[in-house]
Amino acid sequence: MNGSRNLLVSVLMLMPLSGLISAAETEREPYDDRYCTTCHGIDGIGNEGVQAPRLAGMEDWYLRRQLENFRAGLRGRHPQDIEGLAMQPMAAKLTDASIDELVEWVGSWEYKPAEHTISGDVNAGRRLYASCAACHGADGEGNEALGAPQLAGQNDWYLLTQLKNFKARFRGNEQGDTYGQQMMTMAQSLPNEQAMRNVVAYINTLSGN
Amino acid sequence: MSKPVTRREFLNLLGAAGGTAAALRAGTALGLLPGAVKAANLDLLNLGSNQRRVAVLGGGISGLTVAYELQKMGYECTILESSHRCGGRVFTVRNGDLIDEIGNRQYCEFDNDPHMYFNAGAARIPSTHRNLLHYCKELGVELEVFINENKTCYVQDDAMLGGKPVRNIEYTTHLKGFMGELLAKALTEQELDQPFSESEAETLLSIIDSFGDLNESHLYTGSFRAGYAEGGFLKHGTQKDIIAFRDLLKTRLGRGLINANEGDTGPILMQPVGGMDKIIDGYLNHVGSNVRYRAMVAGVQVNDDGVQIAYDQDGVRHSLDVDYCFNCIPSHLMTGIPNNFPEQYIRALKYIRRGEAYKAAFQAKRRFWEDEDIYGGITWMNNPSRQIWYPTAGIHKEKGVILGAYDYGGGMYHTLMTQEERIEAHLADGEKVHPEYRNLVEKPITVAWHRMNHMLGCSARWSRNFGAGWTHEEEELYHTLQAPVNGRHYMIGDQVSMHSAWQESAVMSAQWAMADMDQRVRAELA
Ligand SMILES: Cc1cc2nc3c(=O)[nH]c(=O)nc-3n(C[C@H](O)[C@H](O)[C@H](O)COP(=O)(O)OP(=O)(O)OC[C@H]3O[C@@H](n4cnc5c(N)ncnc54)[C@H](O)[C@@H]3O)c2cc1C
């Protein structure tokens, strides 16, 4: 039943008993915090099946901030933020050291723009995006100084969820989430889901650089 | 009043009330004997001196079935399993085991004794699951009867009798008594009596009397079936008080109680002695050395003449070239693994919704339920923990492992809680049935399948609208996913069945896929 544990046990039998670690502890299955690919897909390509977005190619500063925000409960705690609730308990257990290590690991994945799944009125989307470009950049490349992440190349279904969640105040409504609050205010300018789809369809046309 | 109904009209009426299915069943039962469906007789070609390589993606029971069968036929099989263990949703938790819930890792602290285990996933094997039972037999897995319905267990609902737990036997005896009385009344009225001959009506009435334990006037006045208030052995027994019909109707738990022995749980249920994963061990006795653990599949490329697999192990990306590939990775995880599947196949993978399932268990410091005449079985509660299962294993031993909650789908209620909140919820629910519960149980574990690493769900949901059945589109997507890609890559597991959440379905999907491949290999070698 149990692969590596049996192996550990047999290795143990060959070693003289050390008084330092109890047998019970050494027999236990070891683990690390590298759970990300179960949800976010291999090499962080994003996985629609669990609604977890692309991480490969994400800006270090933005990745770190989101992990910290999730950990602090500034994101992913609203009872109706279904997807955020899936991510939050993962982050809640992270230490500063493991966040450092994860940012480095995620950084080793090669960026590939996500495939498009959402269509909409691109022209209408272009007009709406005019107010977004100030922060997210004309090509959706993001702006570190303003704390606004790259949008181009991200999974479009994920962008749509975020716009809905910002608009409904499931994300960005916590005290202390300064960046989230800014975006939550901006999302109020999108009147309805169709507008969100249109702007996402337009973001799909951006190069990100 | 209305004119008497004919027999055909009566059947139609049944149909109108119970849906067409009821009418159909009423019809076929008259003419057809139930057919015996044999366990699939796999007739695979032995490769002899020929060679074929097979990759099994995921060490779930369906994958292990493939490896076990094909190895016998001379195939070279490699099983890639991303977790530290095989078995997937066949998961027996014992002392020291890791419960790898994302964000809530736990180690099981139960006493280290053979009967101190918990089947956190699959737990029951109906006697009609012939294919699974065939493997149990062939692999030498010792089985015992699983006690499922047990009428000495309790029914508890805050809304009924001030929340006082009632024995199942009392509840169901009275419920059937009152229902029987209603049925008898209906039958003795002219209109309903009409379609039956005198002797049919008499027979039916006598069955109704027996169903409800009614008196000569077809009235329910209580029954010894509910147990004795006192006496019964050396002295005459005295009858227990009746619970008023109105009180019984304060809870809807009756719905579950009345069909506890129907459908999938109708046949005799069994379990392997010592834990469900004895089946997994049985397979691993034959194919264990072919398993690569902590080997996460990272890519699947199907070519004209084979399949190229990428997988990550020990931080290194490996590749494996095979002739055939059998894949039981859950569909919602497969969508995050690079592949070159056809568009419609990917659509099918994405279409399936993942179900939720949640179980929790405690070690009991002593087997307090046995003091209350309970040996195995299920207590039903109208609270989120829903059920308490008393163990079939370890009767009269000192301690035991009891299931403290089983939410078999339809919500994330406990999943969204912290470990501490979950445990407190189960203690609070359980002490409504067993007042000393909190002091009698310890060492809790919780298993939220929606968050289990490498699984993230239980029970593939194909149909969007459970009541209405499968749509045409759903049927098509299902058949798309069942068919191989290029005759090389097969999705398997209970997700590729119309009856998910049973090992039998997982095993049968594997057999279906192997039989299909076998035809292709025969053609190649001919
Ligand atoms: C709570 C619960 C109760 C149940 N009760 C019963 C019952 O009473 N009776 C019954 O017969 N059945 C029951 N079932 C259903 C039964 O457990 C399943 O039908 C059966 O185990 C499914 O087997 P599978 O072969 O489809 O694969 P799964 O068990 O789904 O296994 C999939 C495997 O793939 C592995 N994997 C995932 N990702 C990767 C990757 N990238 N690379 C490599 N490997 C990967 C996983 O680690 C896992 O081992 C229950 C299930 C649950 C959860």
# chains A, B, ... in the order shown; residues from 1 in each chain; ligands from 1

$ residues_around --residues "Leu456 in chain B" --least-positions-apart "3" --cutoff "10 Å" --atoms "only C-alpha atoms" --output "ChimeraX atom specification"
/A:38-39,50 /B:101-102,330,332-333,354-357,448-453

$ residues_around --residues "Val300 in chain B" --least-positions-apart "3" --cutoff "6 Å" --atoms "only C-alpha atoms" --output "number ranges by chain"
B: 308-309, 339

$ closest_residue --among "B:Gly63, B:Gly288, B:Gly376, B:Gly96" --to "ligand 1" --atoms "only C-alpha atoms and all ligand atoms"
B:Gly63

$ residues_around --residues "Glu504 in chain B" --least-positions-apart "5" --cutoff "8 Å" --atoms "only C-alpha atoms" --output "mmCIF file with N, CA and C atoms, in the first residue's frame"
data_model
loop_
_atom_site.group_PDB
_atom_site.id
_atom_site.type_symbol
_atom_site.label_atom_id
_atom_site.label_comp_id
_atom_site.auth_asym_id
_atom_site.auth_seq_id
_atom_site.Cartn_x
_atom_site.Cartn_y
_atom_site.Cartn_z
ATOM 1 N N HIS B 129 -21.713 -6.764 -6.770
ATOM 2 C CA HIS B 129 -20.562 -6.192 -7.492
ATOM 3 C C HIS B 129 -19.583 -7.310 -7.842
ATOM 4 N N ARG B 130 -20.019 -8.069 -8.831
ATOM 5 C CA ARG B 130 -19.356 -9.335 -9.117
ATOM 6 C C ARG B 130 -17.924 -9.201 -9.573
ATOM 7 N N ASN B 131 -17.658 -8.146 -10.334
ATOM 8 C CA ASN B 131 -16.310 -8.028 -10.884
ATOM 9 C C ASN B 131 -15.309 -7.718 -9.784
ATOM 10 N N LEU B 132 -15.705 -6.837 -8.891
ATOM 11 C CA LEU B 132 -14.838 -6.525 -7.755
ATOM 12 C C LEU B 132 -14.665 -7.768 -6.882
ATOM 13 N N ASP B 494 -13.929 5.065 -12.238
ATOM 14 C CA ASP B 494 -15.382 5.193 -12.101
ATOM 15 C C ASP B 494 -15.891 6.451 -12.801
#

$ atom_distance --atom1 "CA of Asp407 in chain B" --atom2 "CA of Pro53 in chain A"
28.6 Å

$ interface_residues --of "chain A" --to "chain B" --cutoff "10 Å" --atoms "only C-alpha atoms" --output "VMD selection string"
chain A and resid 1 to 5 24 to 25 27 to 31 33 35 to 54 77 79 82 85 to 94

$ residues_around --residues "Leu143 in chain B" --least-positions-apart "2" --cutoff "8 Å" --atoms "only C-alpha atoms" --output "mmCIF file with all heavy atoms, in the first residue's frame"
data_model
loop_
_atom_site.group_PDB
_atom_site.id
_atom_site.type_symbol
_atom_site.label_atom_id
_atom_site.label_comp_id
_atom_site.auth_asym_id
_atom_site.auth_seq_id
_atom_site.Cartn_x
_atom_site.Cartn_y
_atom_site.Cartn_z
ATOM 1 N N CYS B 136 -11.448 -9.884 -5.479
ATOM 2 C CA CYS B 136 -11.222 -10.185 -4.058
ATOM 3 C C CYS B 136 -10.910 -11.669 -3.900
ATOM 4 O O CYS B 136 -9.995 -12.064 -3.188
ATOM 5 C CB CYS B 136 -12.448 -9.824 -3.227
ATOM 6 S SG CYS B 136 -12.709 -8.050 -3.079
ATOM 7 N N VAL B 141 -8.371 -11.916 -0.916
ATOM 8 C CA VAL B 141 -8.754 -10.907 0.071
ATOM 9 C C VAL B 141 -9.891 -11.463 0.931
ATOM 10 O O VAL B 141 -10.965 -11.757 0.428
ATOM 11 C CB VAL B 141 -9.221 -9.607 -0.629
ATOM 12 C CG1 VAL B 141 -9.692 -8.590 0.404
ATOM 13 C CG2 VAL B 141 -8.097 -9.042 -1.492
ATOM 14 N N VAL B 145 -18.928 -9.902 6.491
ATOM 15 C CA VAL B 145 -20.155 -9.151 6.256
ATOM 16 C C VAL B 145 -20.042 -7.794 6.938
ATOM 17 O O VAL B 145 -19.496 -7.683 8.030
ATOM 18 C CB VAL B 145 -21.370 -9.946 6.783
ATOM 19 C CG1 VAL B 145 -22.612 -9.072 6.815
ATOM 20 C CG2 VAL B 145 -21.608 -11.165 5.899
ATOM 21 N N MET B 270 -20.381 -6.255 2.140
ATOM 22 C CA MET B 270 -19.199 -6.893 2.728
ATOM 23 C C MET B 270 -18.063 -5.893 2.842
ATOM 24 O O MET B 270 -18.100 -4.814 2.255
ATOM 25 C CB MET B 270 -18.772 -8.076 1.869
ATOM 26 C CG MET B 270 -19.689 -9.261 2.017
ATOM 27 S SD MET B 270 -19.367 -10.520 0.791
ATOM 28 C CE MET B 270 -20.326 -9.915 -0.574
ATOM 29 N N GLN B 271 -17.048 -6.272 3.595
ATOM 30 C CA GLN B 271 -15.828 -5.476 3.663
ATOM 31 C C GLN B 271 -14.657 -6.435 3.835
ATOM 32 O O GLN B 271 -14.808 -7.509 4.411
ATOM 33 C CB GLN B 271 -15.891 -4.487 4.829
ATOM 34 C CG GLN B 271 -15.919 -5.149 6.204
ATOM 35 C CD GLN B 271 -15.896 -4.140 7.347
ATOM 36 O OE1 GLN B 271 -15.962 -2.942 7.136
ATOM 37 N NE2 GLN B 271 -15.784 -4.636 8.572
ATOM 38 N N PRO B 272 -13.495 -6.052 3.346
ATOM 39 C CA PRO B 272 -12.318 -6.881 3.594
ATOM 40 C C PRO B 272 -11.966 -6.843 5.080
ATOM 41 O O PRO B 272 -12.068 -5.793 5.716
ATOM 42 C CB PRO B 272 -11.219 -6.210 2.768
ATOM 43 C CG PRO B 272 -11.945 -5.422 1.731
ATOM 44 C CD PRO B 272 -13.201 -4.960 2.411
ATOM 45 N N VAL B 273 -11.570 -7.969 5.624
ATOM 46 C CA VAL B 273 -11.121 -8.012 7.007
ATOM 47 C C VAL B 273 -9.855 -7.157 7.117
ATOM 48 O O VAL B 273 -8.909 -7.344 6.362
ATOM 49 C CB VAL B 273 -10.811 -9.468 7.431
ATOM 50 C CG1 VAL B 273 -10.220 -9.509 8.836
ATOM 51 C CG2 VAL B 273 -12.064 -10.325 7.319
#

$ residues_around --residues "Lys167 in chain A" --least-positions-apart "4" --cutoff "7 Å" --atoms "only C-alpha atoms" --output "mmCIF file with N, CA, C and O atoms, in the first residue's frame"
data_model
loop_
_atom_site.group_PDB
_atom_site.id
_atom_site.type_symbol
_atom_site.label_atom_id
_atom_site.label_comp_id
_atom_site.auth_asym_id
_atom_site.auth_seq_id
_atom_site.Cartn_x
_atom_site.Cartn_y
_atom_site.Cartn_z
ATOM 1 N N LEU A 163 -13.120 39.549 -11.906
ATOM 2 C CA LEU A 163 -13.922 40.756 -12.121
ATOM 3 C C LEU A 163 -15.267 40.633 -11.403
ATOM 4 O O LEU A 163 -15.730 41.571 -10.760
ATOM 5 N N MET A 184 -11.101 46.791 -6.553
ATOM 6 C CA MET A 184 -12.526 46.604 -6.283
ATOM 7 C C MET A 184 -13.311 47.854 -6.719
ATOM 8 O O MET A 184 -14.385 47.738 -7.317
ATOM 9 N N ALA A 187 -13.602 47.877 -10.494
ATOM 10 C CA ALA A 187 -14.515 46.866 -11.059
ATOM 11 C C ALA A 187 -15.958 47.358 -11.058
ATOM 12 O O ALA A 187 -16.782 46.878 -11.848
ATOM 13 N N GLN A 188 -16.278 48.310 -10.209
ATOM 14 C CA GLN A 188 -17.654 48.799 -10.162
ATOM 15 C C GLN A 188 -18.039 49.485 -11.481
ATOM 16 O O GLN A 188 -19.221 49.629 -11.783
#

$ atom_distance --atom1 "CA of Asp157 in chain B" --atom2 "CA of Leu257 in chain B"
13.0 Å

$ select_by_dssp --residues "range 4-216 of chain B" --states "strand (DSSP E)" --output "ChimeraX atom specification"
/B:53-57,76-80,92-93,98-99,106-107,118-119,125-126,143-145,154-156,166-167

$ residues_around --residues "Ser210 in chain B" --least-positions-apart "4" --cutoff "10 Å" --atoms "only C-alpha atoms" --output "MDAnalysis selection string"
chainID B and resid 176:177 180 204:206 214:215 218

$ write_last_selection --atoms "all heavy atoms" --output "PDB file, in the first residue's frame"
ATOM      1  N   LYS B 176     -44.188   2.298   9.994  1.00  0.00           N
ATOM      2  CA  LYS B 176     -44.814   1.298   9.121  1.00  0.00           C
ATOM      3  C   LYS B 176     -46.207   0.938   9.619  1.00  0.00           C
ATOM      4  O   LYS B 176     -47.105   0.642   8.823  1.00  0.00           O
ATOM      5  CB  LYS B 176     -43.917   0.060   9.011  1.00  0.00           C
ATOM      6  CG  LYS B 176     -42.695   0.319   8.127  1.00  0.00           C
ATOM      7  CD  LYS B 176     -41.618  -0.741   8.285  1.00  0.00           C
ATOM      8  CE  LYS B 176     -41.988  -2.029   7.589  1.00  0.00           C
ATOM      9  NZ  LYS B 176     -40.911  -3.046   7.749  1.00  0.00           N
ATOM     10  N   GLY B 177     -46.377   0.963  10.923  1.00  0.00           N
ATOM     11  CA  GLY B 177     -47.708   0.696  11.478  1.00  0.00           C
ATOM     12  C   GLY B 177     -48.722   1.708  10.980  1.00  0.00           C
ATOM     13  O   GLY B 177     -49.769   1.353  10.436  1.00  0.00           O
ATOM     14  N   GLY B 180     -49.191   1.433   7.284  1.00  0.00           N
ATOM     15  CA  GLY B 180     -49.963   0.234   6.974  1.00  0.00           C
ATOM     16  C   GLY B 180     -51.453   0.485   7.176  1.00  0.00           C
ATOM     17  O   GLY B 180     -52.290   0.090   6.362  1.00  0.00           O
ATOM     18  N   LEU B 204     -53.250  -9.045  -0.551  1.00  0.00           N
ATOM     19  CA  LEU B 204     -52.642  -7.730  -0.387  1.00  0.00           C
ATOM     20  C   LEU B 204     -52.910  -7.183   1.008  1.00  0.00           C
ATOM     21  O   LEU B 204     -52.005  -6.689   1.684  1.00  0.00           O
ATOM     22  CB  LEU B 204     -53.178  -6.772  -1.460  1.00  0.00           C
ATOM     23  CG  LEU B 204     -52.575  -5.363  -1.507  1.00  0.00           C
ATOM     24  CD1 LEU B 204     -51.056  -5.417  -1.556  1.00  0.00           C
ATOM     25  CD2 LEU B 204     -53.096  -4.619  -2.741  1.00  0.00           C
ATOM     26  N   LEU B 205     -54.119  -7.353   1.453  1.00  0.00           N
ATOM     27  CA  LEU B 205     -54.470  -6.836   2.776  1.00  0.00           C
ATOM     28  C   LEU B 205     -53.670  -7.557   3.864  1.00  0.00           C
ATOM     29  O   LEU B 205     -53.192  -6.941   4.820  1.00  0.00           O
ATOM     30  CB  LEU B 205     -55.979  -6.992   3.022  1.00  0.00           C
ATOM     31  CG  LEU B 205     -56.529  -6.286   4.264  1.00  0.00           C
ATOM     32  CD1 LEU B 205     -56.248  -4.794   4.220  1.00  0.00           C
ATOM     33  CD2 LEU B 205     -58.041  -6.526   4.403  1.00  0.00           C
ATOM     34  N   SER B 206     -53.486  -8.860   3.687  1.00  0.00           N
ATOM     35  CA  SER B 206     -52.726  -9.597   4.702  1.00  0.00           C
ATOM     36  C   SER B 206     -51.259  -9.149   4.706  1.00  0.00           C
ATOM     37  O   SER B 206     -50.626  -9.083   5.759  1.00  0.00           O
ATOM     38  CB  SER B 206     -52.828 -11.109   4.476  1.00  0.00           C
ATOM     39  OG  SER B 206     -52.090 -11.471   3.328  1.00  0.00           O
ATOM     40  N   LEU B 214     -50.625  -4.782  11.989  1.00  0.00           N
ATOM     41  CA  LEU B 214     -51.938  -4.242  12.336  1.00  0.00           C
ATOM     42  C   LEU B 214     -52.768  -5.293  13.066  1.00  0.00           C
ATOM     43  O   LEU B 214     -52.516  -6.496  12.941  1.00  0.00           O
ATOM     44  CB  LEU B 214     -52.679  -3.803  11.059  1.00  0.00           C
ATOM     45  CG  LEU B 214     -51.896  -2.885  10.118  1.00  0.00           C
ATOM     46  CD1 LEU B 214     -52.761  -2.476   8.926  1.00  0.00           C
ATOM     47  CD2 LEU B 214     -51.387  -1.647  10.851  1.00  0.00           C
ATOM     48  N   ASN B 215     -53.761  -4.855  13.805  1.00  0.00           N
ATOM     49  CA  ASN B 215     -54.637  -5.816  14.491  1.00  0.00           C
ATOM     50  C   ASN B 215     -55.743  -6.300  13.546  1.00  0.00           C
ATOM     51  O   ASN B 215     -55.763  -5.936  12.363  1.00  0.00           O
ATOM     52  CB  ASN B 215     -55.189  -5.207  15.791  1.00  0.00           C
ATOM     53  CG  ASN B 215     -56.144  -4.051  15.514  1.00  0.00           C
ATOM     54  OD1 ASN B 215     -56.608  -3.877  14.382  1.00  0.00           O
ATOM     55  ND2 ASN B 215     -56.444  -3.274  16.541  1.00  0.00           N
ATOM     56  N   HIS B 218     -57.397  -4.090  11.292  1.00  0.00           N
ATOM     57  CA  HIS B 218     -56.449  -3.380  10.419  1.00  0.00           C
ATOM     58  C   HIS B 218     -56.070  -2.021  10.977  1.00  0.00           C
ATOM     59  O   HIS B 218     -55.905  -1.051  10.251  1.00  0.00           O
ATOM     60  CB  HIS B 218     -57.005  -3.230   8.987  1.00  0.00           C
ATOM     61  CG  HIS B 218     -57.628  -4.482   8.464  1.00  0.00           C
ATOM     62  ND1 HIS B 218     -56.907  -5.629   8.245  1.00  0.00           N
ATOM     63  CD2 HIS B 218     -58.920  -4.777   8.157  1.00  0.00           C
ATOM     64  CE1 HIS B 218     -57.706  -6.589   7.828  1.00  0.00           C
ATOM     65  NE2 HIS B 218     -58.947  -6.106   7.756  1.00  0.00           N
TER      66      HIS B 218
END

$ closest_residue --among "B:Phe211, B:Ile374, B:His396, B:Phe362" --to "His426 in chain B" --atoms "only C-alpha atoms"
B:Phe362

$ residues_around --residues "range 46-58 of chain B" --least-positions-apart "6" --cutoff "8 Å" --atoms "only C-alpha atoms" --output "MDAnalysis selection string"
chainID B and resid 64 66:67 72:82 86 297 321:329

$ write_last_selection --atoms "C-alpha atoms" --output "PDB file, in the first residue's frame"
ATOM      1  CA  LEU B  64      -4.157  -1.599 -10.683  1.00  0.00           C
ATOM      2  CA  VAL B  66      -5.209  -3.085 -15.689  1.00  0.00           C
ATOM      3  CA  ALA B  67      -1.651  -3.687 -14.514  1.00  0.00           C
ATOM      4  CA  LYS B  72      -0.449 -11.830 -16.569  1.00  0.00           C
ATOM      5  CA  MET B  73      -0.674 -11.656 -20.354  1.00  0.00           C
ATOM      6  CA  GLY B  74       2.971 -10.713 -20.786  1.00  0.00           C
ATOM      7  CA  TYR B  75       2.683  -6.914 -21.039  1.00  0.00           C
ATOM      8  CA  GLU B  76       5.383  -4.775 -19.477  1.00  0.00           C
ATOM      9  CA  CYS B  77       3.469  -2.414 -17.182  1.00  0.00           C
ATOM     10  CA  THR B  78       4.621   0.697 -15.392  1.00  0.00           C
ATOM     11  CA  ILE B  79       2.330   2.388 -12.892  1.00  0.00           C
ATOM     12  CA  LEU B  80       2.927   6.085 -12.251  1.00  0.00           C
ATOM     13  CA  GLU B  81       1.390   7.262  -8.999  1.00  0.00           C
ATOM     14  CA  SER B  82       1.775  10.860  -7.892  1.00  0.00           C
ATOM     15  CA  CYS B  86      -1.665   3.577  -4.238  1.00  0.00           C
ATOM     16  CA  VAL B 297       2.338  12.574 -14.651  1.00  0.00           C
ATOM     17  CA  ASP B 321       7.392   5.629 -24.179  1.00  0.00           C
ATOM     18  CA  VAL B 322       4.718   2.978 -24.314  1.00  0.00           C
ATOM     19  CA  ASP B 323       2.444   1.261 -26.776  1.00  0.00           C
ATOM     20  CA  TYR B 324      -0.714   1.715 -24.718  1.00  0.00           C
ATOM     21  CA  CYS B 325      -1.746   3.959 -21.896  1.00  0.00           C
ATOM     22  CA  PHE B 326      -4.525   3.545 -19.303  1.00  0.00           C
ATOM     23  CA  ASN B 327      -5.288   6.679 -17.365  1.00  0.00           C
ATOM     24  CA  CYS B 328      -7.321   6.941 -14.150  1.00  0.00           C
ATOM     25  CA  ILE B 329      -6.145  10.429 -13.193  1.00  0.00           C
TER      26      ILE B 329
END

$ atom_distance --atom1 "CA of His136 in chain A" --atom2 "CA of Asp96 in chain A"
27.8 Å

$ select_by_dssp --residues "range 197-330 of chain B" --states "helix (DSSP H, G or I)" --output "JSON, numbers by chain"
{"B": [198, 199, 200, 201, 202, 203, 204, 205, 206, 207, 208, 209, 210, 211, 212, 224, 225, 226, 245, 246, 247, 248, 254, 255, 256, 257, 258, 263, 264, 265, 278, 279, 280, 281, 282, 283, 284, 285, 286, 287, 288, 289, 290]}

$ decode --residues "range 158-172 of chain B" --atoms "N, CA, C and O atoms" --output "PDB file, in the first residue's frame"
ATOM      1  N   ASP B 158     -33.472  17.208  16.064  1.00  0.00           N
ATOM      2  CA  ASP B 158     -33.841  18.216  17.066  1.00  0.00           C
ATOM      3  C   ASP B 158     -35.339  18.505  17.035  1.00  0.00           C
ATOM      4  O   ASP B 158     -35.938  18.866  18.048  1.00  0.00           O
ATOM      5  N   ALA B 159     -35.941  18.333  15.842  1.00  0.00           N
ATOM      6  CA  ALA B 159     -37.341  18.705  15.682  1.00  0.00           C
ATOM      7  C   ALA B 159     -38.288  17.628  16.210  1.00  0.00           C
ATOM      8  O   ALA B 159     -39.485  17.850  16.339  1.00  0.00           O
ATOM      9  N   MET B 160     -37.758  16.449  16.506  1.00  0.00           N
ATOM     10  CA  MET B 160     -38.635  15.348  16.922  1.00  0.00           C
ATOM     11  C   MET B 160     -38.445  15.067  18.411  1.00  0.00           C
ATOM     12  O   MET B 160     -37.321  14.858  18.868  1.00  0.00           O
ATOM     13  N   LEU B 161     -39.521  15.040  19.170  1.00  0.00           N
ATOM     14  CA  LEU B 161     -39.497  14.677  20.584  1.00  0.00           C
ATOM     15  C   LEU B 161     -38.432  15.422  21.372  1.00  0.00           C
ATOM     16  O   LEU B 161     -37.687  14.841  22.171  1.00  0.00           O
ATOM     17  N   GLY B 162     -38.320  16.689  21.087  1.00  0.00           N
ATOM     18  CA  GLY B 162     -37.365  17.513  21.811  1.00  0.00           C
ATOM     19  C   GLY B 162     -35.917  17.093  21.604  1.00  0.00           C
ATOM     20  O   GLY B 162     -35.062  17.343  22.441  1.00  0.00           O
ATOM     21  N   GLY B 163     -35.663  16.428  20.488  1.00  0.00           N
ATOM     22  CA  GLY B 163     -34.285  16.049  20.162  1.00  0.00           C
ATOM     23  C   GLY B 163     -33.842  14.739  20.783  1.00  0.00           C
ATOM     24  O   GLY B 163     -32.704  14.313  20.619  1.00  0.00           O
ATOM     25  N   LYS B 164     -34.759  14.077  21.484  1.00  0.00           N
ATOM     26  CA  LYS B 164     -34.405  12.806  22.107  1.00  0.00           C
ATOM     27  C   LYS B 164     -34.132  11.747  21.038  1.00  0.00           C
ATOM     28  O   LYS B 164     -34.936  11.578  20.131  1.00  0.00           O
ATOM     29  N   PRO B 165     -33.000  11.048  21.141  1.00  0.00           N
ATOM     30  CA  PRO B 165     -32.766  10.001  20.141  1.00  0.00           C
ATOM     31  C   PRO B 165     -33.744   8.845  20.318  1.00  0.00           C
ATOM     32  O   PRO B 165     -34.117   8.505  21.450  1.00  0.00           O
ATOM     33  N   VAL B 166     -34.177   8.297  19.208  1.00  0.00           N
ATOM     34  CA  VAL B 166     -35.130   7.186  19.220  1.00  0.00           C
ATOM     35  C   VAL B 166     -34.456   6.031  18.498  1.00  0.00           C
ATOM     36  O   VAL B 166     -33.738   6.234  17.529  1.00  0.00           O
ATOM     37  N   ARG B 167     -34.682   4.826  18.976  1.00  0.00           N
ATOM     38  CA  ARG B 167     -34.112   3.673  18.276  1.00  0.00           C
ATOM     39  C   ARG B 167     -34.748   3.558  16.881  1.00  0.00           C
ATOM     40  O   ARG B 167     -35.967   3.715  16.748  1.00  0.00           O
ATOM     41  N   ASN B 168     -33.942   3.226  15.935  1.00  0.00           N
ATOM     42  CA  ASN B 168     -34.426   3.008  14.569  1.00  0.00           C
ATOM     43  C   ASN B 168     -35.617   2.038  14.578  1.00  0.00           C
ATOM     44  O   ASN B 168     -36.631   2.280  13.912  1.00  0.00           O
ATOM     45  N   ILE B 169     -35.508   0.969  15.373  1.00  0.00           N
ATOM     46  CA  ILE B 169     -36.558  -0.055  15.376  1.00  0.00           C
ATOM     47  C   ILE B 169     -37.893   0.511  15.860  1.00  0.00           C
ATOM     48  O   ILE B 169     -38.950   0.148  15.364  1.00  0.00           O
ATOM     49  N   GLU B 170     -37.807   1.443  16.813  1.00  0.00           N
ATOM     50  CA  GLU B 170     -39.054   2.054  17.276  1.00  0.00           C
ATOM     51  C   GLU B 170     -39.625   2.946  16.189  1.00  0.00           C
ATOM     52  O   GLU B 170     -40.804   2.905  15.862  1.00  0.00           O
ATOM     53  N   TYR B 171     -38.743   3.761  15.664  1.00  0.00           N
ATOM     54  CA  TYR B 171     -39.201   4.715  14.649  1.00  0.00           C
ATOM     55  C   TYR B 171     -39.840   3.985  13.466  1.00  0.00           C
ATOM     56  O   TYR B 171     -40.968   4.280  13.064  1.00  0.00           O
ATOM     57  N   THR B 172     -39.128   3.024  12.940  1.00  0.00           N
ATOM     58  CA  THR B 172     -39.625   2.383  11.712  1.00  0.00           C
ATOM     59  C   THR B 172     -40.832   1.487  11.988  1.00  0.00           C
ATOM     60  O   THR B 172     -41.730   1.381  11.151  1.00  0.00           O
TER      61      THR B 172
END
